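Participant: Would you mind keeping the following structure in view while I ask a few things?
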Amino acid sequence: MRIGELAARAGTTTRTLRYYEARGLLPARRTGNGYRTYDEDDLRLLTQIRTLQDFGFDLEETRPFVECLRAGHPEGDSCPASLAVYRRKLGELDALVGQLSAVRDTVARQLARAELAAEAEAPGGPEPRCELGRHPW
């Protein structure tokens with residue numbers, strides 16, 4: 001198949017495919033007249049790349065998965081290098097979850113403090129209003 005068909009089947013653009021080719025992730029064979037040509041295996045590589053990117057992997061992190069598929073493995077994550085990327089990404093995600101939990105706890109404490117202060121200033125009075133930036137909510 002030609003580049004336009006592969007892009008359409010994968011839900012991406014020809015520009016993206018040329019970028020992947022330039023980065024060495026998607027091989028392109030050329031016909032006698034210079035057109036790029038692809039096959040179903042290339043669609044599998046592209047699907048693997050796009051799926052991982054949808055999950056937050058950067059393009060370079062997809063390389064071990066692509067190489068695993070190119071080596072003939074049925075799945076891109078069945079090679080040791082791919083598993084190492086999964087482990088590293090999981091560690092990054094765990095760290096981010098920890099950071100978000102800490103921020104959430106801080107915001108919850110600030111809310112509790114602000115609610116107590118508002119209640120002490122005007123028990124039974126009107127709801128407190130945010131006056132930041134002159135917005136009336």
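Naming scheme: A, B, ... for chains in displayed order of the structure tokens; residues 1 onward per chain; ligands 1 onward as shown.
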Do you know which residues are at most 6 Å from segment 25-37 of chain A counting only C-alpha atoms, after dropping those on the same chain fewer than 4 positions away, and could you put them as a VMD selection string?

Facilitator: chain A and resid 1 to 2 20 to 21

Participant: Write out as a ChimeraX atom specification the residues lying within 10 Å of Cys68 of chain A, counting only C-alpha atoms and excluding same-chain residues fewer than 5 positions away.

Facilitator: /A:45,63,73-82

Participant: Quick one: distance from atom CA of Ala22 of chain A to atom CA of Leu83 of chain A in Å, one decimal?

Facilitator: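 Computing the Euclidean distance for atom CA of Ala22 of chain A and atom CA of Leu83 of chain A yields 25.0 Å.
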
Participant: Suppose you want the space between atom CA of Leu6 of chain A and atom CA of Val85 of chain A; what is it in Å?

Facilitator: 26.8 Å

Participant: Using only C-alpha atoms, which residues sit within 12 Å of Thr51 of chain A once same-chain residues fewer than 2 positions away are excluded, as a CSV table (one decimal) with C-alpha atoms, in the first residue's frame?

Facilitator:
```
chain,number,residue,atom,x,y,z
A,10,ALA,CA,-4.0,4.2,10.7
A,11,GLY,CA,-5.9,7.4,11.3
A,43,LEU,CA,0.5,-1.1,9.8
A,44,ARG,CA,1.1,-3.3,12.9
A,45,LEU,CA,4.2,-1.2,13.7
A,46,LEU,CA,2.3,2.0,13.3
A,47,THR,CA,-0.6,0.8,15.4
A,48,GLN,CA,1.9,-0.1,18.2
A,49,ILE,CA,3.5,3.3,18.0
A,53,GLN,CA,1.6,7.4,22.3
A,54,ASP,CA,-2.1,7.5,23.2
A,55,PHE,CA,-1.0,6.1,26.6
A,56,GLY,CA,1.5,8.9,27.1
A,57,PHE,CA,4.7,7.2,25.9
A,58,ASP,CA,7.0,9.6,23.9
A,59,LEU,CA,8.1,8.5,20.5
A,61,GLU,CA,10.0,5.1,24.2
A,62,THR,CA,8.1,3.2,21.5
A,65,PHE,CA,8.3,-2.2,21.0
A,66,VAL,CA,8.8,-1.6,17.3
A,76,GLY,CA,5.7,-5.6,20.8
```

Participant: Provide the atom CA of Ser101 of chain A to atom CA of Glu60 of chain A distance in Å, to one decimal place.

Facilitator: 28.5 Å
